[in-house]
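Trainee: This is the structure I have questions about; it appears just below.
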2 protein chains.
Amino acid sequence: MTDTVPQEAHLSQDARFSYEGLDRVIHEKARLGVLTSLIGHPKGLAFADLKRLCDLTDGNLSRHLQVLQDAGLVELIKGFERKRPHTICHLTASGRQRFLDYLTVLERVVRDAASAAKADDRAARILPA
Amino acid sequence: MTDTVPQEAHLSQDARFSYEGLDRVIHEKARLGVLTSLIGHPKGLAFADLKRLCDLTDGNLSRHLQVLQDAGLVELIKGFERKRPHTICHLTASGRQRFLDYLTVLERVVRDAASAAKADDRAARILPA
């Protein structure tokens, strides 16, 4: 039966939905929030601001920043403000570019899913039950 | 110093970038591909088609389908075709709705990041170095 069913155009495109560009370092939910916060602030954001914007605990934010730093996406500048430790986080130039590349793929996911959802009825007519 | 810096509008919005709606069951890269494949096929897709579309191994696809099934997002119909086991996967009605809700949040991430990237220069003028 399946052999005689017309192939849909996108079924013949192998690995169309593998989304290789969704770098797991960036895609993780909390890190996605951190990067989105940082991309608007080229001079960086204080640890406390990031914590509040992303609703993360000290430990979680530290852990995610470490992952992002190890991957070369962010830099941390540790200093003092009013004699208290003060950390500023900012995107690196290559981190900014990688995040923008990732966003291009993410936009494609949203577009693919939206157009697939709309194509429901058409697909129902040509695929086997 | 920080106290005298004007607050940007979005810095005063607590947890603006926490993206609570990014359900981790859906957000995982491979499962995102599976759900995007399925949303255009309300009558379901065969295991082999999903495997090819998402570029996953048998083991990986089985594992991810199990997670999606446990969360009530997909249903698996196991049968036979030409005497060989044949599994059809499809989104449940609530799975479809949850995936559409997730996509709304994902669209917001893309929009937030794009507008933050454009606001670079303005932010650079009002945030401390």
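Note on naming: chains are A, B, ... as they come in the structure tokens, residues start from 1 per chain, ligands start from 1 in the order shown.
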Considering only C-alpha atoms, extract the chain A residues located within 7 Å of chain B and return them as a ChimeraX atom specification.

Mentor: /A:14-19,22,29-30,33,36-37,39-43,52-55,103,107,110,113,116-117,119-120,123-124,129

Trainee: Got a sec to tell me which of chain B DSSP assigns to alpha helix (DSSP H), as a ChimeraX atom specification?

Mentor: /B:24-27,29-39,47-54,58-70,93-118,120-126

Trainee: Write the selection just made, keeping C-alpha atoms, as an mmCIF file, in the first residue's frame?

Mentor:
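Generated file (part_11.cif):
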data_model
loop_
_atom_site.group_PDB
_atom_site.id
_atom_site.type_symbol
_atom_site.label_atom_id
_atom_site.label_comp_id
_atom_site.auth_asym_id
_atom_site.auth_seq_id
_atom_site.Cartn_x
_atom_site.Cartn_y
_atom_site.Cartn_z
ATOM 1 C CA ARG B 24 11.781 20.913 28.106
ATOM 2 C CA VAL B 25 9.993 17.828 26.778
ATOM 3 C CA ILE B 26 9.255 19.700 23.552
ATOM 4 C CA HIS B 27 12.333 21.952 23.426
ATOM 5 C CA LYS B 29 16.425 19.385 19.630
ATOM 6 C CA ALA B 30 15.553 15.908 18.305
ATOM 7 C CA ARG B 31 12.024 15.976 19.747
ATOM 8 C CA LEU B 32 11.473 19.408 18.222
ATOM 9 C CA GLY B 33 12.236 17.830 14.841
ATOM 10 C CA VAL B 34 9.884 14.917 15.516
ATOM 11 C CA LEU B 35 7.017 17.214 16.537
ATOM 12 C CA THR B 36 7.586 19.512 13.553
ATOM 13 C CA SER B 37 7.448 16.453 11.290
ATOM 14 C CA LEU B 38 4.237 15.216 12.905
ATOM 15 C CA ILE B 39 2.255 18.449 13.038
ATOM 16 C CA PHE B 47 8.585 5.176 12.183
ATOM 17 C CA ALA B 48 10.882 4.796 9.148
ATOM 18 C CA ASP B 49 9.764 8.129 7.663
ATOM 19 C CA LEU B 50 10.296 9.937 10.964
ATOM 20 C CA LYS B 51 13.718 8.345 11.308
ATOM 21 C CA ARG B 52 14.758 9.647 7.910
ATOM 22 C CA LEU B 53 13.198 13.102 8.269
ATOM 23 C CA CYS B 54 14.861 13.677 11.644
ATOM 24 C CA ASP B 58 16.282 3.507 15.655
ATOM 25 C CA GLY B 59 17.381 3.680 19.280
ATOM 26 C CA ASN B 60 17.342 7.451 19.512
ATOM 27 C CA LEU B 61 13.972 7.815 17.821
ATOM 28 C CA SER B 62 12.462 5.114 20.061
ATOM 29 C CA ARG B 63 13.800 6.843 23.143
ATOM 30 C CA HIS B 64 12.453 10.253 22.136
ATOM 31 C CA LEU B 65 9.063 8.833 21.112
ATOM 32 C CA GLN B 66 8.824 7.177 24.518
ATOM 33 C CA VAL B 67 9.399 10.544 26.237
ATOM 34 C CA LEU B 68 6.774 12.188 24.013
ATOM 35 C CA GLN B 69 4.321 9.355 24.599
ATOM 36 C CA ASP B 70 4.835 9.439 28.386
ATOM 37 C CA ALA B 93 -5.030 16.598 20.164
ATOM 38 C CA SER B 94 -3.565 18.016 23.386
ATOM 39 C CA GLY B 95 -0.038 17.418 22.055
ATOM 40 C CA ARG B 96 -0.853 19.505 19.005
ATOM 41 C CA GLN B 97 -2.174 22.319 21.212
ATOM 42 C CA ARG B 98 0.846 22.180 23.551
ATOM 43 C CA PHE B 99 3.204 22.245 20.593
ATOM 44 C CA LEU B 100 1.394 25.288 19.143
ATOM 45 C CA ASP B 101 1.628 27.014 22.558
ATOM 46 C CA TYR B 102 5.338 26.217 22.692
ATOM 47 C CA LEU B 103 5.795 27.670 19.196
ATOM 48 C CA THR B 104 4.249 30.936 20.357
ATOM 49 C CA VAL B 105 6.965 31.232 23.023
ATOM 50 C CA LEU B 106 9.668 30.202 20.547
ATOM 51 C CA GLU B 107 8.502 32.938 18.208
ATOM 52 C CA ARG B 108 8.840 35.396 21.087
ATOM 53 C CA VAL B 109 12.452 34.268 21.691
ATOM 54 C CA VAL B 110 13.304 34.921 18.039
ATOM 55 C CA ARG B 111 11.585 38.310 18.157
ATOM 56 C CA ASP B 112 13.189 39.330 21.484
ATOM 57 C CA ALA B 113 16.670 38.362 20.301
ATOM 58 C CA ALA B 114 16.273 40.073 16.935
ATOM 59 C CA SER B 115 15.084 43.313 18.489
ATOM 60 C CA ALA B 116 17.758 43.160 21.213
ATOM 61 C CA ALA B 117 20.461 42.686 18.572
ATOM 62 C CA LYS B 118 19.198 45.768 16.777
ATOM 63 C CA ASP B 120 22.879 47.182 20.566
ATOM 64 C CA ASP B 121 23.983 50.754 20.043
ATOM 65 C CA ARG B 122 21.319 52.330 22.158
ATOM 66 C CA ALA B 123 22.101 49.964 25.047
ATOM 67 C CA ALA B 124 25.827 50.686 24.729
ATOM 68 C CA ARG B 125 25.154 54.352 25.414
ATOM 69 C CA ILE B 126 23.284 53.885 28.673
#

Trainee: Give me every strand (DSSP E or B) residue in chain A, going by DSSP on the backbone, as a PyMOL selection string.

Mentor: chain A and resi 45-46+74-81+84-91

Trainee: Generate the output file for the selected residues, C-alpha atoms, as a PDB file, in the first residue's frame.

Mentor:
ATOM      1  CA  LEU A  45      25.313  42.744  32.059  1.00  0.00           C
ATOM      2  CA  ALA A  46      26.028  42.331  35.750  1.00  0.00           C
ATOM      3  CA  VAL A  74      30.728  34.649  26.622  1.00  0.00           C
ATOM      4  CA  GLU A  75      33.441  36.355  28.605  1.00  0.00           C
ATOM      5  CA  LEU A  76      33.270  37.118  32.310  1.00  0.00           C
ATOM      6  CA  ILE A  77      35.027  40.134  33.743  1.00  0.00           C
ATOM      7  CA  LYS A  78      35.461  39.806  37.487  1.00  0.00           C
ATOM      8  CA  GLY A  79      36.080  42.969  39.443  1.00  0.00           C
ATOM      9  CA  PHE A  80      34.929  44.870  42.478  1.00  0.00           C
ATOM     10  CA  GLU A  81      32.245  47.467  43.051  1.00  0.00           C
ATOM     11  CA  ARG A  84      32.241  43.721  46.772  1.00  0.00           C
ATOM     12  CA  PRO A  85      32.905  41.189  44.008  1.00  0.00           C
ATOM     13  CA  HIS A  86      31.160  42.239  40.811  1.00  0.00           C
ATOM     14  CA  THR A  87      31.004  40.130  37.650  1.00  0.00           C
ATOM     15  CA  ILE A  88      30.122  41.479  34.232  1.00  0.00           C
ATOM     16  CA  CYS A  89      29.163  38.998  31.481  1.00  0.00           C
ATOM     17  CA  HIS A  90      29.238  39.801  27.817  1.00  0.00           C
ATOM     18  CA  LEU A  91      28.993  38.001  24.489  1.00  0.00           C
TER      19      LEU A  91
END
